[in-house]
Amino acid sequence: MLSYITSRASKVIRTVGLMLVVPAFIVCSGSESTGTVETPDPGTVSDLSAAAPTNSSVNLSFTQVDDGTGAPAKYDVRYGVAPMSWGSATSVATGSCATPMMGNGVGSTMSCVVQGLSPSTSYNFQLVAFRGSLNGAAVFGGVSNMVAASTTGSPPPPPVVTTVTVSPPSASIGVSGTTTLQATVKDQNGNVMTGQTVSWSTDNSAVATVTSDGVVTGVAAGSATITATSSGQSGTSAITVTAAPPPPPVVTTVTVAPPSASIAVGANTTLTATVKDQNGNVMTGQTVTWSTNNAAAATVSSGGVVSGVAAGSATITATSSGKSGTSSITVTAPTPVVTTVTVAPPSASIAVGATTTLTATVKDQNGNVMSGQTVTWSTNNAAAATVSSGGVVSGVAAGSATITATSSGKSGTSAITVTSGQGGSGTILFQEDFEGSGFSAGWYDNQTVVMSTAEHAANSTASAQYRFTAGATMPTSGASSRHKFTPSSSVYIRYDVKFTSNWVGSGLAYHPHEIYVMSDMDADYDGPSNAWMTLYLEHTYQNGGKPRLMMQDNKAVNSSMGTPPINLVGVTENRSTGGCNGMAETNMNSECFMQGYWFNDKSIIGPVVMQPNPGTGYKGNWNRVEAYFQLNTVVGGIGQADGVMQYWFNGTLIIDRHDILYRTGARPNLKLNKFLIAPYIGDGSPVDQSMFIDNLVVATGKVP
């Protein structure tokens, strides 16, 4: 995202018989240079994996990288008995992993096979991407992650059919009666062998026949031996055919399931009756009648549906052909119902731009607190105060509003008074007036700032100038200037800004970046384009400046449950909120794409506020910009979409969202603690243009 954000890389240089790994600090490109333009080193594979070991081979797979020129890299794949050292490891000589291995598509997955391994041996595997020739001038990337795999032992001898057993070993059937025999085939180790071909035969087809599936049919009284044969091995069953047919089945037992159950008054449960004959066989199609011994407690339908009438107990009986089974039913008191909803505090006063959190207590008819109830929040005056789904109230404008919490048709209220936002109740975290020689104490990283005494806000003598020369991606003052502050769940930013009359920004619908806020989970010098959380405050210029508030949480993207974009909202809290894993909000812009890592963001773009022509709000005037970000709450381990994102231009509220999900339950303690000024135009500035900033204030909320 930001070309000036530095990163670590590895350079691998190979001469004859020698590989030296050298860490290099890369700003824009790699180690080869042509004129003044450096060619990047090949990429570094970080997701090498091993699988499907046999007694002589292992499968490897990884995501391909480029060779620094944009083309697919070549690869030197090595292995050795664990633990392996790269320098002493052996380059693969056989199999599809043989070195050199040619890449075929940057970003796609490559799989190959290492062959020629010894059985029952633990190996390590690594690879390195390169361009050029291994025996000549080659440029290497970093050595990949190391993976381990163990080959299997020599394969056991194949199973052979040793025994065939027929069950039952004997049976008696009547004439025209049938029985089904089962043949079990086992190998020399006594293991059952499935899928074997079994042929069936009879030694006396005048008494009994047998089908290819082992179904025996009685033909006439007598005896016959049925034989099952598979791969030359056989088993038998002795069949006796009787002249008279067996007796018809009669109902012997009735069983009711479940044998006992507990239901509440007004609730239902369904019982089932199983009818069996004298041989223990289930009899279908039997008529079953249902009855209760206490209809005052529980009734039962003809289909076995029991209904709770009043607290007590009843025995439910199922009867078929004179045989019965029972189930003991306990009916409990009525289910608790919501009777009262109380909101605390019953009243509160907040300033415009500030928030307060209300809580709703739900109780049943017995005065007991009911947990887990769904509560909906509403306001009778959204022009004065709004309320999130989690009960977070935000002051919008001076006035009053009644906030209502409703659960199961019962409600409670809180009276909210919103005072003028001019006063504010925030705590100043730090401020910078750009007077004197530049930045005051507390700034780190790039502490260089170009001061302008010709351009400054009222009651000021100087401002910070960020000048982009034509074609430049960064201003003449250099890369990002950073300032840490006390970790906070909210941040308010206020500053005065002016642009030169020819200001056109990037001339595109994105960039320039201007102001950033990063989280306390990110290191002091981490780049804002790949972080746990980065907030953006900036203006895109499209025939006038439009405010753009954006959030990124690239490091939170979950790709383990499927390739993004994949919606994991409601599936897991271990996910990003910026778009790659779905969004809780509507009416927001979002992006999700791979650029060496998963990149996702969501943003709100307001209308034109910075006017292109002289007059009120003209870009060439000093205008006041204010923004407020408040992280969402996390309740019961679940992130609530009640975060705040606001923007004011010259005192007028332009963007006002109270439904933002910044963080999930996977990172409930994430806060904000770093402020950056880092103007950046990724495609280069269309013209020589400048932005001036003065009277910067960073606080926890609106301040005077």
# chains A, B, ... in the order shown; residues from 1 in each chain; ligands from 1
>>> select_by_dssp(residues="stretch 562-652 of chain A", states="strand (DSSP E)", output="JSON, numbers by chain")
{"A": [589, 590, 591, 592, 593, 594, 598, 599, 600, 601, 602, 603, 604, 605, 623, 624, 625, 626, 627, 628, 629, 630, 634, 635, 638, 639, 643, 644, 645, 646, 647, 648, 649, 652]}
>>> write_last_selection(atoms="N, CA and C atoms", output="CSV table (one decimal), in the first residue's frame")
chain,number,residue,atom,x,y,z
A,589,ASN,N,-17.9,1.0,1.8
A,589,ASN,CA,-17.0,0.5,0.7
A,589,ASN,C,-16.1,-0.5,1.4
A,590,SER,N,-15.7,-1.6,0.6
A,590,SER,CA,-14.7,-2.5,1.2
A,590,SER,C,-13.8,-3.1,0.0
A,591,GLU,N,-12.6,-3.6,0.4
A,591,GLU,CA,-11.7,-4.2,-0.5
A,591,GLU,C,-11.2,-5.5,0.1
A,592,CYS,N,-10.8,-6.5,-0.7
A,592,CYS,CA,-10.1,-7.7,-0.3
A,592,CYS,C,-9.3,-8.2,-1.4
A,593,PHE,N,-8.0,-8.2,-1.3
A,593,PHE,CA,-7.2,-8.8,-2.3
A,593,PHE,C,-5.8,-9.1,-1.7
A,594,MET,N,-5.0,-10.0,-2.5
A,594,MET,CA,-3.7,-10.4,-2.0
A,594,MET,C,-2.7,-9.6,-2.7
A,598,TRP,N,-2.8,-10.7,2.8
A,598,TRP,CA,-4.2,-10.3,2.5
A,598,TRP,C,-4.4,-8.9,2.9
A,599,PHE,N,-5.0,-8.1,2.0
A,599,PHE,CA,-5.3,-6.7,2.2
A,599,PHE,C,-6.8,-6.5,2.3
A,600,ASN,N,-7.3,-5.9,3.4
A,600,ASN,CA,-8.7,-5.6,3.4
A,600,ASN,C,-8.9,-4.3,4.1
A,601,ASP,N,-10.0,-3.6,3.7
A,601,ASP,CA,-10.3,-2.4,4.4
A,601,ASP,C,-11.8,-2.1,4.1
A,602,LYS,N,-12.3,-1.2,5.0
A,602,LYS,CA,-13.7,-0.7,4.7
A,602,LYS,C,-13.6,0.8,5.0
A,603,SER,N,-14.4,1.6,4.2
A,603,SER,CA,-14.3,3.0,4.3
A,603,SER,C,-15.7,3.7,4.1
A,604,ILE,N,-15.8,4.9,4.5
A,604,ILE,CA,-16.9,5.8,4.3
A,604,ILE,C,-16.4,7.0,3.6
A,605,ILE,N,-17.0,7.4,2.4
A,605,ILE,CA,-16.6,8.6,1.7
A,605,ILE,C,-17.8,9.6,1.7
A,623,ASN,N,-9.3,25.7,6.7
A,623,ASN,CA,-10.6,25.1,7.1
A,623,ASN,C,-10.3,24.1,8.3
A,624,ARG,N,-11.3,24.0,9.2
A,624,ARG,CA,-11.1,23.1,10.4
A,624,ARG,C,-11.7,21.7,10.1
A,625,VAL,N,-10.9,20.7,10.4
A,625,VAL,CA,-11.3,19.3,10.2
A,625,VAL,C,-11.3,18.7,11.6
A,626,GLU,N,-12.4,17.9,11.9
A,626,GLU,CA,-12.4,17.1,13.1
A,626,GLU,C,-12.9,15.7,12.8
A,627,ALA,N,-12.4,14.7,13.5
A,627,ALA,CA,-12.8,13.3,13.3
A,627,ALA,C,-12.8,12.7,14.7
A,628,TYR,N,-13.7,11.7,14.8
A,628,TYR,CA,-13.8,10.9,16.1
A,628,TYR,C,-14.0,9.5,15.8
A,629,PHE,N,-13.1,8.6,16.4
A,629,PHE,CA,-13.2,7.2,16.2
A,629,PHE,C,-13.4,6.6,17.6
A,630,GLN,N,-14.4,5.8,17.8
A,630,GLN,CA,-14.6,5.1,19.1
A,630,GLN,C,-14.7,3.6,18.8
A,634,VAL,N,-17.2,-5.2,23.3
A,634,VAL,CA,-17.2,-6.7,23.2
A,634,VAL,C,-18.0,-7.3,24.4
A,635,VAL,N,-19.1,-7.9,24.1
A,635,VAL,CA,-20.0,-8.4,25.1
A,635,VAL,C,-20.0,-10.0,25.1
A,638,ILE,N,-18.2,-11.5,22.2
A,638,ILE,CA,-18.7,-11.3,20.9
A,638,ILE,C,-18.6,-9.8,20.6
A,639,GLY,N,-17.9,-9.4,19.5
A,639,GLY,CA,-17.8,-8.0,19.2
A,639,GLY,C,-19.1,-7.4,18.7
A,643,GLY,N,-19.4,0.7,17.3
A,643,GLY,CA,-18.4,1.7,17.3
A,643,GLY,C,-18.8,2.9,16.5
A,644,VAL,N,-18.0,4.0,16.8
A,644,VAL,CA,-18.4,5.3,16.2
A,644,VAL,C,-17.4,5.8,15.2
A,645,MET,N,-17.8,6.4,14.1
A,645,MET,CA,-17.0,7.0,13.1
A,645,MET,C,-17.6,8.3,12.7
A,646,GLN,N,-17.0,9.5,13.1
A,646,GLN,CA,-17.6,10.8,12.8
A,646,GLN,C,-16.6,11.7,12.2
A,647,TYR,N,-17.1,12.7,11.4
A,647,TYR,CA,-16.3,13.7,10.7
A,647,TYR,C,-17.0,15.1,10.7
A,648,TRP,N,-16.4,16.1,11.1
A,648,TRP,CA,-16.9,17.5,11.0
A,648,TRP,C,-16.0,18.3,10.1
A,649,PHE,N,-16.7,19.2,9.3
A,649,PHE,CA,-15.9,20.2,8.5
A,649,PHE,C,-16.4,21.6,8.8
A,652,THR,N,-19.5,21.5,11.0
A,652,THR,CA,-20.7,20.8,10.6
A,652,THR,C,-20.4,19.3,10.5
>>> atom_distance(atom1="atom CA of A:Leu653", atom2="atom CA of A:Ala382")
13.8 Å
>>> closest_residue(among="A:Leu696, A:Ala297, A:Ala531, A:Ala149", to="A:Tyr597", atoms="only C-alpha atoms")
A:Ala531
>>> closest_residue(among="A:Ile677, A:Val341, A:Asn621, A:Thr269", to="A:Ser477", atoms="only C-alpha atoms")
A:Ile677
>>> closest_residue(among="A:Thr229, A:Ser88, A:Gln188, A:Gly617", to="A:Pro156", atoms="only C-alpha atoms")
A:Gln188
>>> atom_distance(atom1="atom CA of A:Asn294", atom2="atom CA of A:Ile316")
8.6 Å
>>> residues_around(residues="stretch 211-218 of chain A", least_positions_apart="4", cutoff="6 Å", atoms="only C-alpha atoms", output="ChimeraX atom specification")
/A:175-181,200,241
>>> residues_around(residues="A:Gly95", least_positions_apart="4", cutoff="12 Å", atoms="only C-alpha atoms", output="count of residues only")
17
>>> atom_distance(atom1="atom CA of A:Thr209", atom2="atom CA of A:Thr242")
14.3 Å
>>> residues_around(residues="A:Gly436", least_positions_apart="5", cutoff="10 Å", atoms="only C-alpha atoms", output="list in words")
Met451, Thr453, Thr461, Ala462 and Ser463 of chain A
>>> residues_around(residues="stretch 159-173 of chain A", least_positions_apart="2", cutoff="6 Å", atoms="only C-alpha atoms", output="PyMOL selection string")
chain A and resi 177+181-188+234-241
>>> closest_residue(among="A:Thr540, A:Thr664, A:Thr404, A:Thr284", to="A:Gly636", atoms="only C-alpha atoms")
A:Thr664
>>> residues_around(residues="A:Asn695", least_positions_apart="3", cutoff="12 Å", atoms="only C-alpha atoms", output="list in words")
Phe430, Gln431, Glu432, Asp433, Phe434, Glu435, Phe439, His456, Ala457, Ala458, Asn459, Ser460, Thr461, Ala462, Ser463, Ala464, Ile493, Arg494, Tyr495, Asp496, Val497, Lys498, Trp622, Asn623, Arg624, Val625, Glu626, Phe692 and Val698 of chain A
>>> closest_residue(among="A:Asn446, A:Ser230, A:Lys74, A:Ser122", to="A:Leu134", atoms="only C-alpha atoms")
A:Lys74
>>> closest_residue(among="A:Asn124, A:Ser262, A:Thr563, A:Ser201", to="A:Val331", atoms="only C-alpha atoms")
A:Ser262
